[in-house]
Amino acid sequence: MYVNHKRIAFETIVIKEVRRFSRIWVQTLVPPAITIALYFVIFGNLVGRRVGEMGGFQYMEFIVPGLIMMSVIQNSYSNVVSSFFSQKFQRSIEELLVSPVPNYVILTGFVVGGMARGLSVGAIVTTLSLFFADIQIAHPVITLAVILLTSVVFSLAGFINAVFADSFDDISIVPTFVLTPLIYLGGVFYSTQMLPPFWQTVSALNPIFYMVNTFRYGFLGSSDVDVIWAFILLGTFAVSLYVGCIWLLRHGTGIRF
Amino acid sequence: MPGLLFLAFCSGTHGFQTSFAIHQALAPYCRRPYMRDEPAKTENRMKIAISIKDLRKTYENGFEALKGICLEVEQGDFFALLGPNGAGKSTTIGVISTLVNRSSGEVEVFGRNVDNHVYVTKLDLGVVPQEINFNLFERVEDIVITQAGYYGLPRPLAQERSDKYLQQLGLWDKRKDRSRSLSGGMKRRLMIARALVHEPRLLILDEPTAGVDIELRRSMWDFLIELNRQGTTIILTTHYLEEAEQLCRNIAIIDNGAIVENTSMKSLLAEVDSQVFVLDISKSDLKKAVLCLEKFNARSLDDHSIEVTVKRADGINAVFVQLDKVGVVVIGMRNKTNRLEQLFINKLATDK
């Protein structure tokens, strides 16, 4: 397949993905915005006033990066998992599989689709946060890099979930029982320095902890983790998951029989 | 972020325009906007649209769906692949279209091995599956245009092809509708339009007229005959044996994962020893007709029709000669069963 054809195929997949979540914006873009707005009102505003400072910042300022990151993670993941699985379920994925589109183009198309939704919701949440906090970005490049990498990682993770899923239950189990606890325990609402040493060590095993804290570093210039180490970890995750997804596609796991 | 998305869309549109210009420039040099620069093995092999050698498929549950089938379909052929439910027709199609991983064997499309030339062979293939497999929430036109995009067709060309096939298949008025609102027959036609949008040289149709009313079925036949006349090789699986008899020049019958017959339709039909006809005659002539056609095992079906079995050697004229002698007028006549249907049942019975 020629480069130009691959590019058109890639654009087609991305446009289809963006069109999908835009068409159902009431289900995809509005609910996360409302949820996060509630977090801002309840945790940031009402509870936050009593908490005072966290990690040297006003509590509202402290939780904003975490909440943005939470929305990006959840939406990147859920876009790919729901889109790919519903195409599997309706068998419309066969449209792609019979066509000459290479596996890496298929995967990249879905990942970019996931990123588009994750970052769109992230942008909405960031805009909303402006109503509640005075946001300054200390390190824009780091902020952008970490949010893009995180979005890639969770889009890929969503893809793997969709490949193995056999029912709609299977695509909600991971977000409910794995993703949400990891996000909540990843330091979105608190600094791990508040935890006893044992729980600080346990937190260090949570990859989302690095993402949230590196993103917070980008915003506030202060973090609980080593930023370089966090980027190495994120890059390793992204590459490993990408290779894993390509392997699954090549073997037709869950899609070819 | 909306700005980013807008940029993404704009770059997409620009890309379509650029690649369309390239295709326009190449158009005089190739029949379709693809260049197949990978040579086939030999010129002779190119005359074979599809070649399957010792194809085997055993599913994970141990079910052996294909037991080493061999098949060749010539370029330009209209080929019928028949078989009872679960015989292996759809698995064969699945393997050709790469939707099913084969256990062993070899598949070549226009002389090119599907493993070594995966992208080129896929460009030559169009597949209309048995089950509806498009997104029911998308618009008819978007489904066809998106499929064109997967084959690398630039947007203006994709739009042109979509318009062309939606018009030809009678879906033009429905192009802006959501696909879920289409009737069963329309959904089948949409799948044909989608499979044709990249103008493949080989079209595989897996029961395309299942559940389609007779009028629509006949219009689809006309469409497929015309498509084949223009040079597209067609492989058809169907349960309507009349359809296979009307459309196809060559035939293979698959049963229990093995090919039990592979010949031309003509020579297969020549194997029919006898045919059963139903003659409509007036009530007053019924007894007279049964008596004079004793040689043809005549028996009355009701008070205005009789059934006769005519051997190939005798010919149907012999029946009319007898009836003419006794002054019986035949009002109408039809085959009791389709000729191919009789053969099909016989072949499967022999195989068992």
# chains A, B, ... in the order shown; residues from 1 in each chain; ligands from 1

$ closest_atom_pairs --of "chain B" --to "chain A" --cutoff "7 Å" --atoms "only C-alpha atoms" --output "JSON lines"
{"residue": "B:Met1", "atom": "CA", "partner": "A:Ser120", "partner_atom": "CA", "distance": 5.5}
{"residue": "B:Gly12", "atom": "CA", "partner": "A:Glu11", "partner_atom": "CA", "distance": 6.1}
{"residue": "B:Phe16", "atom": "CA", "partner": "A:Ile8", "partner_atom": "CA", "distance": 7.0}
{"residue": "B:Ser19", "atom": "CA", "partner": "A:Asn4", "partner_atom": "CA", "distance": 6.7}
{"residue": "B:Ser97", "atom": "CA", "partner": "A:Val98", "partner_atom": "CA", "distance": 5.7}
{"residue": "B:Thr98", "atom": "CA", "partner": "A:Val98", "partner_atom": "CA", "distance": 6.5}
{"residue": "B:Leu99", "atom": "CA", "partner": "A:Arg256", "partner_atom": "CA", "distance": 5.3}
{"residue": "B:Val100", "atom": "CA", "partner": "A:Phe257", "partner_atom": "CA", "distance": 4.8}
{"residue": "B:Asn101", "atom": "CA", "partner": "A:Phe257", "partner_atom": "CA", "distance": 5.8}
{"residue": "B:Tyr119", "atom": "CA", "partner": "A:Pro100", "partner_atom": "CA", "distance": 4.7}
{"residue": "B:Lys122", "atom": "CA", "partner": "A:Pro100", "partner_atom": "CA", "distance": 5.4}
{"residue": "B:Leu123", "atom": "CA", "partner": "A:Pro100", "partner_atom": "CA", "distance": 6.4}
{"residue": "B:Asn133", "atom": "CA", "partner": "A:Ser92", "partner_atom": "CA", "distance": 4.7}
{"residue": "B:Phe134", "atom": "CA", "partner": "A:Ser92", "partner_atom": "CA", "distance": 4.6}
{"residue": "B:Asn135", "atom": "CA", "partner": "A:Ser92", "partner_atom": "CA", "distance": 5.8}
{"residue": "B:Thr146", "atom": "CA", "partner": "A:Thr12", "partner_atom": "CA", "distance": 6.2}
{"residue": "B:Gln147", "atom": "CA", "partner": "A:Glu95", "partner_atom": "CA", "distance": 6.8}
{"residue": "B:Gly149", "atom": "CA", "partner": "A:Ala9", "partner_atom": "CA", "distance": 5.2}
{"residue": "B:Tyr150", "atom": "CA", "partner": "A:Ala9", "partner_atom": "CA", "distance": 4.4}
{"residue": "B:Tyr151", "atom": "CA", "partner": "A:Ser99", "partner_atom": "CA", "distance": 6.2}
{"residue": "B:Gly152", "atom": "CA", "partner": "A:His5", "partner_atom": "CA", "distance": 3.9}
{"residue": "B:Leu153", "atom": "CA", "partner": "A:His5", "partner_atom": "CA", "distance": 7.0}
{"residue": "B:Pro154", "atom": "CA", "partner": "A:Ile8", "partner_atom": "CA", "distance": 6.8}

$ closest_atom_pairs --of "stretch 93-153 of chain A" --to "stretch 216-226 of chain A" --cutoff "7 Å" --atoms "only C-alpha atoms" --output "tab-separated table"
residue	atom	partner	partner_atom	distance
A:Gln136	CA	A:Phe219	CA	6.4
A:Ile137	CA	A:Phe219	CA	4.3
A:Ala138	CA	A:Phe219	CA	5.1
A:His139	CA	A:Gly218	CA	4.5
A:Pro140	CA	A:Gly218	CA	6.3
A:Ile142	CA	A:Gly218	CA	5.4
A:Thr143	CA	A:Gly218	CA	4.5

$ residues_around --residues "stretch 43-45 of chain A" --least-positions-apart "4" --cutoff "7 Å" --atoms "only C-alpha atoms" --output "PyMOL selection string"
chain A and resi 39+49+59-60

$ select_by_dssp --residues "stretch 17-164 of chain A" --states "helix (DSSP H, G or I)" --output "number ranges by chain"
A: 17-23, 25-28, 30-51, 59-90, 93-97, 103-129, 140-164

$ write_last_selection --atoms "C-alpha atoms" --output "tab-separated table (two decimals), in the first residue's frame"
chain	number	residue	atom	x	y	z
A	17	GLU	CA	-13.58	8.04	15.26
A	18	VAL	CA	-13.92	11.80	15.81
A	19	ARG	CA	-17.27	11.81	14.01
A	20	ARG	CA	-18.43	8.97	16.25
A	21	PHE	CA	-17.77	10.66	19.58
A	22	SER	CA	-18.85	14.06	18.23
A	23	ARG	CA	-22.18	12.59	17.06
A	25	TRP	CA	-21.42	14.36	22.35
A	26	VAL	CA	-24.17	14.24	24.98
A	27	GLN	CA	-22.80	10.86	26.06
A	28	THR	CA	-19.11	11.48	25.45
A	30	VAL	CA	-20.96	16.46	28.50
A	31	PRO	CA	-20.97	13.86	31.34
A	32	PRO	CA	-17.24	14.11	32.13
A	33	ALA	CA	-17.52	17.90	32.11
A	34	ILE	CA	-20.41	17.78	34.60
A	35	THR	CA	-18.66	15.22	36.81
A	36	ILE	CA	-15.44	17.19	36.95
A	37	ALA	CA	-17.35	20.44	37.55
A	38	LEU	CA	-18.94	18.75	40.57
A	39	TYR	CA	-15.49	17.71	41.80
A	40	PHE	CA	-14.40	21.34	41.53
A	41	VAL	CA	-17.45	22.58	43.42
A	42	ILE	CA	-17.51	19.94	46.15
A	43	PHE	CA	-13.88	18.95	46.70
A	44	GLY	CA	-12.14	22.06	45.46
A	45	ASN	CA	-14.46	24.73	46.70
A	46	LEU	CA	-16.45	23.41	49.66
A	47	VAL	CA	-14.09	20.81	51.17
A	48	GLY	CA	-10.98	22.55	49.83
A	49	ARG	CA	-11.63	25.65	51.93
A	50	ARG	CA	-11.37	23.55	55.07
A	51	VAL	CA	-8.32	21.60	53.82
A	59	TYR	CA	-6.17	22.74	47.54
A	60	MET	CA	-8.13	23.81	44.43
A	61	GLU	CA	-4.87	24.53	42.55
A	62	PHE	CA	-3.50	21.20	43.74
A	63	ILE	CA	-6.38	19.07	42.45
A	64	VAL	CA	-6.88	20.81	39.07
A	65	PRO	CA	-4.01	18.98	37.25
A	66	GLY	CA	-5.11	15.65	38.74
A	67	LEU	CA	-8.71	16.13	37.64
A	68	ILE	CA	-7.67	17.12	34.13
A	69	MET	CA	-5.44	14.05	33.96
A	70	MET	CA	-8.23	11.85	35.32
A	71	SER	CA	-10.60	13.01	32.58
A	72	VAL	CA	-7.98	12.47	29.86
A	73	ILE	CA	-7.17	8.95	31.11
A	74	GLN	CA	-10.79	7.87	31.43
A	75	ASN	CA	-11.92	9.29	28.10
A	76	SER	CA	-8.93	8.14	26.03
A	77	TYR	CA	-9.44	4.65	27.39
A	78	SER	CA	-13.20	4.52	27.07
A	79	ASN	CA	-13.24	5.93	23.53
A	80	VAL	CA	-11.01	3.22	22.13
A	81	VAL	CA	-12.46	0.37	24.16
A	82	SER	CA	-16.07	1.23	23.32
A	83	SER	CA	-15.44	2.09	19.68
A	84	PHE	CA	-13.32	-0.96	18.86
A	85	PHE	CA	-15.51	-3.35	20.83
A	86	SER	CA	-18.74	-2.06	19.30
A	87	GLN	CA	-17.17	-2.50	15.85
A	88	LYS	CA	-16.25	-6.04	16.86
A	89	PHE	CA	-19.75	-6.61	18.20
A	90	GLN	CA	-21.46	-5.29	15.06
A	93	ILE	CA	-14.51	-4.17	12.05
A	94	GLU	CA	-14.52	-6.59	9.10
A	95	GLU	CA	-14.71	-3.53	6.82
A	96	LEU	CA	-11.22	-2.66	8.00
A	97	LEU	CA	-9.87	-6.18	8.17
A	103	ASN	CA	-2.16	-3.11	11.26
A	104	TYR	CA	-0.09	-0.19	12.48
A	105	VAL	CA	-2.31	2.25	10.58
A	106	ILE	CA	-5.43	0.69	12.11
A	107	LEU	CA	-3.93	0.89	15.59
A	108	THR	CA	-2.61	4.42	15.18
A	109	GLY	CA	-5.97	5.56	13.81
A	110	PHE	CA	-7.82	4.23	16.86
A	111	VAL	CA	-5.20	5.65	19.25
A	112	VAL	CA	-5.43	9.10	17.67
A	113	GLY	CA	-9.22	8.84	17.88
A	114	GLY	CA	-8.89	8.05	21.60
A	115	MET	CA	-6.47	10.91	22.06
A	116	ALA	CA	-8.82	13.29	20.26
A	117	ARG	CA	-11.61	12.50	22.70
A	118	GLY	CA	-9.35	12.41	25.77
A	119	LEU	CA	-7.76	15.73	24.91
A	120	SER	CA	-11.09	17.30	23.93
A	121	VAL	CA	-12.50	16.43	27.34
A	122	GLY	CA	-9.22	17.57	28.92
A	123	ALA	CA	-9.62	20.93	27.16
A	124	ILE	CA	-13.22	21.25	28.38
A	125	VAL	CA	-12.18	20.43	31.95
A	126	THR	CA	-9.28	22.89	31.77
A	127	THR	CA	-11.67	25.60	30.58
A	128	LEU	CA	-14.05	24.77	33.42
A	129	SER	CA	-11.24	24.90	35.96
A	140	PRO	CA	4.22	24.00	29.16
A	141	VAL	CA	6.37	21.50	27.23
A	142	ILE	CA	6.35	18.96	30.06
A	143	THR	CA	2.63	19.50	30.56
A	144	LEU	CA	1.89	18.89	26.90
A	145	ALA	CA	4.30	15.93	26.62
A	146	VAL	CA	2.94	14.12	29.65
A	147	ILE	CA	-0.70	14.60	28.70
A	148	LEU	CA	-0.06	13.35	25.15
A	149	LEU	CA	1.92	10.33	26.33
A	150	THR	CA	-0.66	9.46	28.97
A	151	SER	CA	-3.41	9.70	26.40
A	152	VAL	CA	-1.46	7.38	24.08
A	153	VAL	CA	-0.85	4.85	26.86
A	154	PHE	CA	-4.50	4.66	27.89
A	155	SER	CA	-5.77	4.58	24.32
A	156	LEU	CA	-3.52	1.57	23.76
A	157	ALA	CA	-4.68	-0.01	27.00
A	158	GLY	CA	-8.29	0.49	25.90
A	159	PHE	CA	-7.47	-1.19	22.61
A	160	ILE	CA	-6.13	-4.28	24.39
A	161	ASN	CA	-9.22	-4.41	26.59
A	162	ALA	CA	-11.44	-4.25	23.48
A	163	VAL	CA	-9.49	-6.99	21.70
A	164	PHE	CA	-10.03	-9.43	24.57

$ atom_distance --atom1 "atom CA of B:Leu301" --atom2 "atom CA of B:Ala313"
24.7 Å

$ select_by_dssp --residues "stretch 171-279 of chain B" --states "strand (DSSP E or B)" --output "ChimeraX atom specification"
/B:178,202-206,233-237,250-255,258-264,274-279

$ write_last_selection --atoms "C-alpha atoms" --output "compact mmCIF listing (two decimals), in the first residue's frame"
# COMPACT_ATOMS: atom_id res chain seq x y z
CA ARG B 178 -29.06 6.13 8.82
CA LEU B 202 -12.81 -10.25 -7.88
CA LEU B 203 -16.11 -9.94 -6.05
CA ILE B 204 -17.14 -12.59 -3.54
CA LEU B 205 -20.80 -12.66 -2.58
CA ASP B 206 -21.86 -14.80 0.34
CA THR B 233 -14.86 -12.16 -11.66
CA ILE B 234 -17.68 -13.16 -9.34
CA ILE B 235 -17.85 -15.98 -6.81
CA LEU B 236 -21.33 -16.53 -5.46
CA THR B 237 -22.61 -18.69 -2.66
CA ASN B 250 -18.99 -22.91 -13.33
CA ILE B 251 -19.81 -24.53 -10.06
CA ALA B 252 -18.28 -26.24 -7.08
CA ILE B 253 -20.26 -28.10 -4.46
CA ILE B 254 -18.74 -28.26 -1.03
CA ASP B 255 -19.95 -30.58 1.66
CA ALA B 258 -14.56 -31.05 1.02
CA ILE B 259 -15.29 -30.29 -2.62
CA VAL B 260 -17.59 -33.02 -3.93
CA GLU B 261 -18.10 -31.55 -7.41
CA ASN B 262 -16.26 -28.96 -9.47
CA THR B 263 -17.33 -28.57 -13.07
CA SER B 264 -19.12 -26.32 -15.53
CA SER B 274 -34.86 -37.18 -15.86
CA GLN B 275 -36.95 -34.20 -14.95
CA VAL B 276 -40.33 -33.92 -13.29
CA PHE B 277 -42.82 -31.58 -14.95
CA VAL B 278 -46.18 -30.36 -13.76
CA LEU B 279 -48.75 -29.89 -16.55

$ decode --residues "stretch 193-240 of chain A" --atoms "N, CA and C atoms" --output "PDB file, in the first residue's frame"
ATOM      1  N   GLN A 193       3.084  12.458  50.097  1.00  0.00           N
ATOM      2  CA  GLN A 193       3.978  12.763  51.232  1.00  0.00           C
ATOM      3  C   GLN A 193       3.223  12.749  52.554  1.00  0.00           C
ATOM      4  N   MET A 194       1.872  12.821  52.421  1.00  0.00           N
ATOM      5  CA  MET A 194       1.048  12.749  53.636  1.00  0.00           C
ATOM      6  C   MET A 194       0.940  11.311  54.150  1.00  0.00           C
ATOM      7  N   LEU A 195       1.264  10.339  53.275  1.00  0.00           N
ATOM      8  CA  LEU A 195       1.050   8.930  53.626  1.00  0.00           C
ATOM      9  C   LEU A 195       2.212   8.386  54.453  1.00  0.00           C
ATOM     10  N   PRO A 196       1.963   7.338  55.256  1.00  0.00           N
ATOM     11  CA  PRO A 196       3.062   6.659  55.955  1.00  0.00           C
ATOM     12  C   PRO A 196       4.020   6.049  54.912  1.00  0.00           C
ATOM     13  N   PRO A 197       5.279   5.800  55.287  1.00  0.00           N
ATOM     14  CA  PRO A 197       6.287   5.295  54.311  1.00  0.00           C
ATOM     15  C   PRO A 197       5.824   4.062  53.552  1.00  0.00           C
ATOM     16  N   PHE A 198       5.153   3.126  54.227  1.00  0.00           N
ATOM     17  CA  PHE A 198       4.724   1.894  53.554  1.00  0.00           C
ATOM     18  C   PHE A 198       3.785   2.215  52.392  1.00  0.00           C
ATOM     19  N   TRP A 199       2.820   3.085  52.650  1.00  0.00           N
ATOM     20  CA  TRP A 199       1.850   3.409  51.603  1.00  0.00           C
ATOM     21  C   TRP A 199       2.448   4.296  50.516  1.00  0.00           C
ATOM     22  N   GLN A 200       3.505   5.019  50.897  1.00  0.00           N
ATOM     23  CA  GLN A 200       4.234   5.775  49.853  1.00  0.00           C
ATOM     24  C   GLN A 200       4.887   4.798  48.877  1.00  0.00           C
ATOM     25  N   THR A 201       5.449   3.704  49.420  1.00  0.00           N
ATOM     26  CA  THR A 201       6.075   2.678  48.571  1.00  0.00           C
ATOM     27  C   THR A 201       5.033   2.008  47.687  1.00  0.00           C
ATOM     28  N   VAL A 202       3.870   1.716  48.279  1.00  0.00           N
ATOM     29  CA  VAL A 202       2.778   1.085  47.501  1.00  0.00           C
ATOM     30  C   VAL A 202       2.342   2.031  46.381  1.00  0.00           C
ATOM     31  N   SER A 203       2.223   3.288  46.680  1.00  0.00           N
ATOM     32  CA  SER A 203       1.813   4.277  45.671  1.00  0.00           C
ATOM     33  C   SER A 203       2.797   4.325  44.514  1.00  0.00           C
ATOM     34  N   ALA A 204       4.085   4.092  44.847  1.00  0.00           N
ATOM     35  CA  ALA A 204       5.112   4.142  43.802  1.00  0.00           C
ATOM     36  C   ALA A 204       4.936   3.031  42.768  1.00  0.00           C
ATOM     37  N   LEU A 205       4.149   2.015  43.103  1.00  0.00           N
ATOM     38  CA  LEU A 205       3.900   0.923  42.154  1.00  0.00           C
ATOM     39  C   LEU A 205       2.754   1.244  41.196  1.00  0.00           C
ATOM     40  N   ASN A 206       2.083   2.342  41.474  1.00  0.00           N
ATOM     41  CA  ASN A 206       0.937   2.723  40.646  1.00  0.00           C
ATOM     42  C   ASN A 206       1.396   3.644  39.511  1.00  0.00           C
ATOM     43  N   PRO A 207       1.311   3.194  38.261  1.00  0.00           N
ATOM     44  CA  PRO A 207       1.828   4.028  37.163  1.00  0.00           C
ATOM     45  C   PRO A 207       1.106   5.367  37.029  1.00  0.00           C
ATOM     46  N   ILE A 208      -0.172   5.383  37.422  1.00  0.00           N
ATOM     47  CA  ILE A 208      -0.937   6.636  37.280  1.00  0.00           C
ATOM     48  C   ILE A 208      -0.398   7.712  38.231  1.00  0.00           C
ATOM     49  N   PHE A 209       0.168   7.265  39.325  1.00  0.00           N
ATOM     50  CA  PHE A 209       0.778   8.181  40.289  1.00  0.00           C
ATOM     51  C   PHE A 209       1.846   9.047  39.596  1.00  0.00           C
ATOM     52  N   TYR A 210       2.642   8.419  38.720  1.00  0.00           N
ATOM     53  CA  TYR A 210       3.703   9.157  38.015  1.00  0.00           C
ATOM     54  C   TYR A 210       3.115  10.138  37.010  1.00  0.00           C
ATOM     55  N   MET A 211       2.057   9.695  36.338  1.00  0.00           N
ATOM     56  CA  MET A 211       1.442  10.548  35.322  1.00  0.00           C
ATOM     57  C   MET A 211       0.839  11.797  35.960  1.00  0.00           C
ATOM     58  N   VAL A 212       0.057  11.571  37.027  1.00  0.00           N
ATOM     59  CA  VAL A 212      -0.612  12.684  37.707  1.00  0.00           C
ATOM     60  C   VAL A 212       0.416  13.662  38.259  1.00  0.00           C
ATOM     61  N   ASN A 213       1.448  13.107  38.887  1.00  0.00           N
ATOM     62  CA  ASN A 213       2.425  13.992  39.528  1.00  0.00           C
ATOM     63  C   ASN A 213       3.322  14.721  38.528  1.00  0.00           C
ATOM     64  N   THR A 214       3.622  14.061  37.413  1.00  0.00           N
ATOM     65  CA  THR A 214       4.426  14.750  36.393  1.00  0.00           C
ATOM     66  C   THR A 214       3.595  15.863  35.760  1.00  0.00           C
ATOM     67  N   PHE A 215       2.324  15.584  35.553  1.00  0.00           N
ATOM     68  CA  PHE A 215       1.428  16.606  34.992  1.00  0.00           C
ATOM     69  C   PHE A 215       1.306  17.780  35.971  1.00  0.00           C
ATOM     70  N   ARG A 216       1.216  17.427  37.240  1.00  0.00           N
ATOM     71  CA  ARG A 216       1.128  18.480  38.270  1.00  0.00           C
ATOM     72  C   ARG A 216       2.405  19.310  38.283  1.00  0.00           C
ATOM     73  N   TYR A 217       3.530  18.621  38.057  1.00  0.00           N
ATOM     74  CA  TYR A 217       4.803  19.339  37.982  1.00  0.00           C
ATOM     75  C   TYR A 217       4.764  20.344  36.829  1.00  0.00           C
ATOM     76  N   GLY A 218       4.215  19.919  35.708  1.00  0.00           N
ATOM     77  CA  GLY A 218       4.096  20.810  34.551  1.00  0.00           C
ATOM     78  C   GLY A 218       3.285  22.047  34.881  1.00  0.00           C
ATOM     79  N   PHE A 219       2.233  21.868  35.672  1.00  0.00           N
ATOM     80  CA  PHE A 219       1.363  22.997  36.054  1.00  0.00           C
ATOM     81  C   PHE A 219       1.990  23.848  37.158  1.00  0.00           C
ATOM     82  N   LEU A 220       2.354  23.179  38.256  1.00  0.00           N
ATOM     83  CA  LEU A 220       2.722  23.913  39.477  1.00  0.00           C
ATOM     84  C   LEU A 220       4.222  24.035  39.705  1.00  0.00           C
ATOM     85  N   GLY A 221       4.994  23.205  38.991  1.00  0.00           N
ATOM     86  CA  GLY A 221       6.452  23.232  39.193  1.00  0.00           C
ATOM     87  C   GLY A 221       6.878  22.448  40.408  1.00  0.00           C
ATOM     88  N   SER A 222       5.967  21.652  40.954  1.00  0.00           N
ATOM     89  CA  SER A 222       6.297  20.855  42.142  1.00  0.00           C
ATOM     90  C   SER A 222       5.695  19.465  41.999  1.00  0.00           C
ATOM     91  N   SER A 223       6.434  18.449  42.408  1.00  0.00           N
ATOM     92  CA  SER A 223       5.936  17.084  42.201  1.00  0.00           C
ATOM     93  C   SER A 223       6.467  16.134  43.258  1.00  0.00           C
ATOM     94  N   ASP A 224       5.758  15.011  43.447  1.00  0.00           N
ATOM     95  CA  ASP A 224       6.202  13.964  44.382  1.00  0.00           C
ATOM     96  C   ASP A 224       7.145  12.979  43.703  1.00  0.00           C
ATOM     97  N   VAL A 225       7.319  13.095  42.362  1.00  0.00           N
ATOM     98  CA  VAL A 225       8.118  12.085  41.657  1.00  0.00           C
ATOM     99  C   VAL A 225       9.235  12.744  40.836  1.00  0.00           C
ATOM    100  N   ASP A 226      10.193  11.895  40.456  1.00  0.00           N
ATOM    101  CA  ASP A 226      11.272  12.349  39.576  1.00  0.00           C
ATOM    102  C   ASP A 226      10.710  12.391  38.145  1.00  0.00           C
ATOM    103  N   VAL A 227      10.730  13.565  37.545  1.00  0.00           N
ATOM    104  CA  VAL A 227      10.080  13.758  36.240  1.00  0.00           C
ATOM    105  C   VAL A 227      10.751  12.916  35.142  1.00  0.00           C
ATOM    106  N   ILE A 228      12.065  12.856  35.161  1.00  0.00           N
ATOM    107  CA  ILE A 228      12.784  12.074  34.137  1.00  0.00           C
ATOM    108  C   ILE A 228      12.362  10.603  34.224  1.00  0.00           C
ATOM    109  N   TRP A 229      12.389  10.089  35.436  1.00  0.00           N
ATOM    110  CA  TRP A 229      11.998   8.698  35.667  1.00  0.00           C
ATOM    111  C   TRP A 229      10.554   8.466  35.191  1.00  0.00           C
ATOM    112  N   ALA A 230       9.699   9.445  35.447  1.00  0.00           N
ATOM    113  CA  ALA A 230       8.300   9.321  35.041  1.00  0.00           C
ATOM    114  C   ALA A 230       8.172   9.246  33.513  1.00  0.00           C
ATOM    115  N   PHE A 231       8.979  10.047  32.813  1.00  0.00           N
ATOM    116  CA  PHE A 231       8.917  10.011  31.344  1.00  0.00           C
ATOM    117  C   PHE A 231       9.458   8.690  30.796  1.00  0.00           C
ATOM    118  N   ILE A 232      10.518   8.186  31.436  1.00  0.00           N
ATOM    119  CA  ILE A 232      11.061   6.880  31.002  1.00  0.00           C
ATOM    120  C   ILE A 232       9.993   5.802  31.161  1.00  0.00           C
ATOM    121  N   LEU A 233       9.327   5.866  32.310  1.00  0.00           N
ATOM    122  CA  LEU A 233       8.276   4.887  32.605  1.00  0.00           C
ATOM    123  C   LEU A 233       7.139   4.996  31.588  1.00  0.00           C
ATOM    124  N   LEU A 234       6.716   6.219  31.325  1.00  0.00           N
ATOM    125  CA  LEU A 234       5.614   6.446  30.376  1.00  0.00           C
ATOM    126  C   LEU A 234       5.986   5.979  28.966  1.00  0.00           C
ATOM    127  N   GLY A 235       7.215   6.326  28.560  1.00  0.00           N
ATOM    128  CA  GLY A 235       7.692   5.925  27.228  1.00  0.00           C
ATOM    129  C   GLY A 235       7.752   4.414  27.104  1.00  0.00           C
ATOM    130  N   THR A 236       8.238   3.755  28.173  1.00  0.00           N
ATOM    131  CA  THR A 236       8.326   2.291  28.158  1.00  0.00           C
ATOM    132  C   THR A 236       6.936   1.678  28.044  1.00  0.00           C
ATOM    133  N   PHE A 237       6.012   2.219  28.801  1.00  0.00           N
ATOM    134  CA  PHE A 237       4.630   1.729  28.736  1.00  0.00           C
ATOM    135  C   PHE A 237       4.064   1.895  27.325  1.00  0.00           C
ATOM    136  N   ALA A 238       4.267   3.072  26.762  1.00  0.00           N
ATOM    137  CA  ALA A 238       3.698   3.359  25.435  1.00  0.00           C
ATOM    138  C   ALA A 238       4.252   2.401  24.388  1.00  0.00           C
ATOM    139  N   VAL A 239       5.590   2.224  24.410  1.00  0.00           N
ATOM    140  CA  VAL A 239       6.214   1.346  23.402  1.00  0.00           C
ATOM    141  C   VAL A 239       5.774  -0.105  23.610  1.00  0.00           C
ATOM    142  N   SER A 240       5.794  -0.558  24.864  1.00  0.00           N
ATOM    143  CA  SER A 240       5.416  -1.955  25.142  1.00  0.00           C
ATOM    144  C   SER A 240       3.974  -2.219  24.723  1.00  0.00           C
TER     145      SER A 240
END
